[in-house]
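I have placed the structure first, in the form of structure tokens, so that the comments after it can refer back to it.
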Amino acid sequence: HAPQHPIQAEHALQVVAHRGASEDAPEHTLAAYRKAIEDGADALECDVRLTADGHLVCVHDRRVNRTSNGRGAVSALELADLAALDFGSWKTREAWRGRDEEPDWEHPPEDPAATSVLTLERLLSLVADAGRRVELAIETKHPTRWAGQVEERLLLLLQRFGLAAPGSAADSPVRIMSFSARSLQRVHAAAPALPTVHLTQFASPRLRDGRLPAGVRIAGPSIRIVRNHPAYVERLKDAGHQVHVWTVNEPEDVALCVGLGVDAIITNRPRAVLRQLGRV
Ligand code: G3P
Ligand code: CA
């Protein structure tokens, strides 16, 4: 990337680490989230799924095949099965692809934080111990398969950490995101003060008109929607909604989001974005 002059946002703009600092470390590992906190991210994004024995784990895909040395659907595996897998080495292989040198496979890094499955509970503890305010944007993945169980478990866990009933949505350090409006409505019914974010991948008449599903306060359009339809952001903001955009990795997209006054940028490269914003 060409060096850029820092651009100053004139409004509060959150930098959210997508799956942790996932450009530098294997996504959804403790190492990726520690790095994001070190980098200065304002918030952490994570996807959650339920294991066969009812644990919430931070895994993006339905199956573990891409990000581990195992195979199969998360929903068919127990936490102990996932704990036996290596969730980090795929990233090392990816980093070495196309280089001349051979990676040192005989002595791979043995950092469990960079190779173990991460439970949502562990991530909540990390945030609680961060020593500064770090917000959490938790995405429920394909929750319809479980008829409400993902949301139920999620709210129980948040309750245990004292996070399910914030004084007001504006003060809440946790927000729930989903492509499923039904999932957000379940959350809203059970925990009305928790902010919810409706994620959308494609432009729709609803977004065009600046509207969100009932009970949802925050729009989560893809950067593609924002590039193609910048006026939607203005309309959503005029309607009193916040706008959180994903996944924003390119400097020109960061600049676009700043210019449009979006409220949060969800990125794999929190450090680079903070640098572009002149914050580090
Ligand atoms: O932050 C929203 C974004 O993560 C949604 O897409 O596929 O990366 O979960 P995905
Ligand atoms: Ca996600």
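Chain labels run A, B, ... following the order of the structure tokens; each chain numbers its residues from 1, and ligands are numbered from 1 in the order shown.
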
> Given a cut-off of 12 Å, what residues near ligand 1 show up using only C-alpha atoms and all ligand atoms, put as a ChimeraX atom specification?
Replying inline: /A:15-20,22,27-28,43-49,58-62,136-142,175-180,197-202,219-223,243-248,264-268

For the residues in the current selection, export C-alpha atoms as a tab-separated table (two decimals), in the first residue's frame.
chain	number	residue	atom	x	y	z
A	15	VAL	CA	-11.96	0.68	14.71
A	16	VAL	CA	-13.16	-2.90	15.12
A	17	ALA	CA	-10.77	-5.84	14.70
A	18	HIS	CA	-12.47	-8.36	12.41
A	19	ARG	CA	-11.90	-11.90	13.80
A	20	GLY	CA	-9.11	-10.24	15.83
A	22	SER	CA	-6.70	-11.43	11.50
A	27	GLU	CA	-8.45	-15.51	12.85
A	28	HIS	CA	-10.51	-16.09	15.98
A	43	ALA	CA	-13.60	-3.23	19.63
A	44	LEU	CA	-13.27	-6.88	18.64
A	45	GLU	CA	-15.53	-8.72	16.19
A	46	CYS	CA	-16.16	-12.44	16.52
A	47	ASP	CA	-18.47	-15.04	15.02
A	48	VAL	CA	-20.09	-17.54	17.36
A	49	ARG	CA	-21.42	-21.05	16.81
A	58	CYS	CA	-15.54	-18.41	17.92
A	59	VAL	CA	-15.47	-19.99	14.46
A	60	HIS	CA	-16.55	-18.36	11.20
A	61	ASP	CA	-17.31	-21.25	8.84
A	62	ARG	CA	-19.93	-23.93	9.36
A	136	LEU	CA	-17.19	-6.63	21.61
A	137	ALA	CA	-19.28	-7.11	18.44
A	138	ILE	CA	-20.57	-10.67	18.54
A	139	GLU	CA	-22.06	-12.15	15.37
A	140	THR	CA	-24.51	-15.05	15.60
A	141	LYS	CA	-23.86	-17.38	12.65
A	142	HIS	CA	-26.76	-19.25	11.05
A	175	ARG	CA	-23.44	-5.50	20.66
A	176	ILE	CA	-24.94	-8.41	18.78
A	177	MET	CA	-24.71	-8.62	15.01
A	178	SER	CA	-26.35	-10.97	12.53
A	179	PHE	CA	-27.40	-11.36	8.92
A	180	SER	CA	-30.54	-12.91	10.45
A	197	VAL	CA	-26.56	-4.66	14.18
A	198	HIS	CA	-28.27	-5.96	11.04
A	199	LEU	CA	-25.60	-7.11	8.61
A	200	THR	CA	-26.34	-6.91	4.89
A	201	GLN	CA	-24.27	-8.06	1.97
A	202	PHE	CA	-26.43	-6.68	-0.84
A	219	ALA	CA	-26.94	-0.92	10.05
A	220	GLY	CA	-24.07	-3.20	9.04
A	221	PRO	CA	-23.66	-2.86	5.27
A	222	SER	CA	-20.75	-4.40	3.37
A	223	ILE	CA	-18.13	-2.02	1.99
A	243	VAL	CA	-23.65	2.59	10.40
A	244	HIS	CA	-20.95	-0.07	10.94
A	245	VAL	CA	-19.19	-1.14	7.72
A	246	TRP	CA	-17.34	-4.42	7.00
A	247	THR	CA	-14.76	-5.49	5.91
A	248	VAL	CA	-12.73	-2.34	5.30
A	264	ALA	CA	-17.47	1.92	12.94
A	265	ILE	CA	-14.99	0.35	10.54
A	266	ILE	CA	-14.62	-3.41	10.84
A	267	THR	CA	-11.17	-4.39	9.54
A	268	ASN	CA	-8.62	-7.22	9.46

> Which polymer residues have any atom within 12 Å of an atom of Glu23 of chain A, counting only C-alpha atoms, with same-chain residues fewer than 5 positions away left out, as a list of chain:residue names?
Replying inline: A:Ala17, A:His18, A:His28, A:Ala31, A:Ala32, A:Tyr33, A:Lys35, A:Ala36, A:Lys91, A:Thr92, A:Glu94, A:Ala95, A:Thr247, A:Asn249, A:Thr267, A:Asn268, A:Arg269, A:Pro270, A:Arg271, A:Ala272

> Which residues, written as a ChimeraX atom specification, have at least one atom at most 10 Å from Glu121 of chain A, with only C-alpha atoms counted and residues fewer than 6 positions away on the same chain left out?
Replying inline: /A:55-58,154,157-158,160-161

>> For Gly240 of chain A, find every residue with an atom within 10 Å (counting only C-alpha atoms), except residues of its own chain fewer than 3 positions away, and show them as a list in words.
In response: Gly210, Arg211, Arg217, Ile218, Glu234, Arg235, Leu236, Lys237 and Val243 of chain A

>> Need to verify the contact set: Thr29 of chain A, 7 Å, only C-alpha atoms, exclusion of same-chain residues closer than 5 positions in sequence. Can you return it as a list in words?
In response: Ala113, Ala114, Thr115, Ser116, Val117 and Leu118 of chain A

Could you please take those selected residues and save N, CA and C atoms as an mmCIF file, in the first residue's frame?
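Saved the output as again_34.cif:
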data_model
loop_
_atom_site.group_PDB
_atom_site.id
_atom_site.type_symbol
_atom_site.label_atom_id
_atom_site.label_comp_id
_atom_site.auth_asym_id
_atom_site.auth_seq_id
_atom_site.Cartn_x
_atom_site.Cartn_y
_atom_site.Cartn_z
ATOM 1 N N ALA A 113 -2.006 -20.152 22.276
ATOM 2 C CA ALA A 113 -2.889 -19.007 22.026
ATOM 3 C C ALA A 113 -3.089 -18.772 20.536
ATOM 4 N N ALA A 114 -2.136 -19.254 19.729
ATOM 5 C CA ALA A 114 -2.223 -19.034 18.285
ATOM 6 C C ALA A 114 -2.748 -20.251 17.543
ATOM 7 N N THR A 115 -3.023 -21.337 18.284
ATOM 8 C CA THR A 115 -3.421 -22.559 17.585
ATOM 9 C C THR A 115 -4.674 -23.231 18.162
ATOM 10 N N SER A 116 -5.183 -22.709 19.283
ATOM 11 C CA SER A 116 -6.315 -23.406 19.924
ATOM 12 C C SER A 116 -7.646 -22.772 19.565
ATOM 13 N N VAL A 117 -8.679 -23.581 19.603
ATOM 14 C CA VAL A 117 -10.026 -23.050 19.436
ATOM 15 C C VAL A 117 -10.304 -22.088 20.593
ATOM 16 N N LEU A 118 -11.052 -21.044 20.302
ATOM 17 C CA LEU A 118 -11.342 -20.033 21.333
ATOM 18 C C LEU A 118 -12.828 -20.106 21.693
#

>> Which residues are close to Pro205 of chain A, i.e. within 12 Å by only C-alpha atoms, leaving aside same-chain residues fewer than 6 positions away? Reply as a list of chain:residue names.
In response: A:Arg211, A:Leu212, A:His229, A:Tyr232
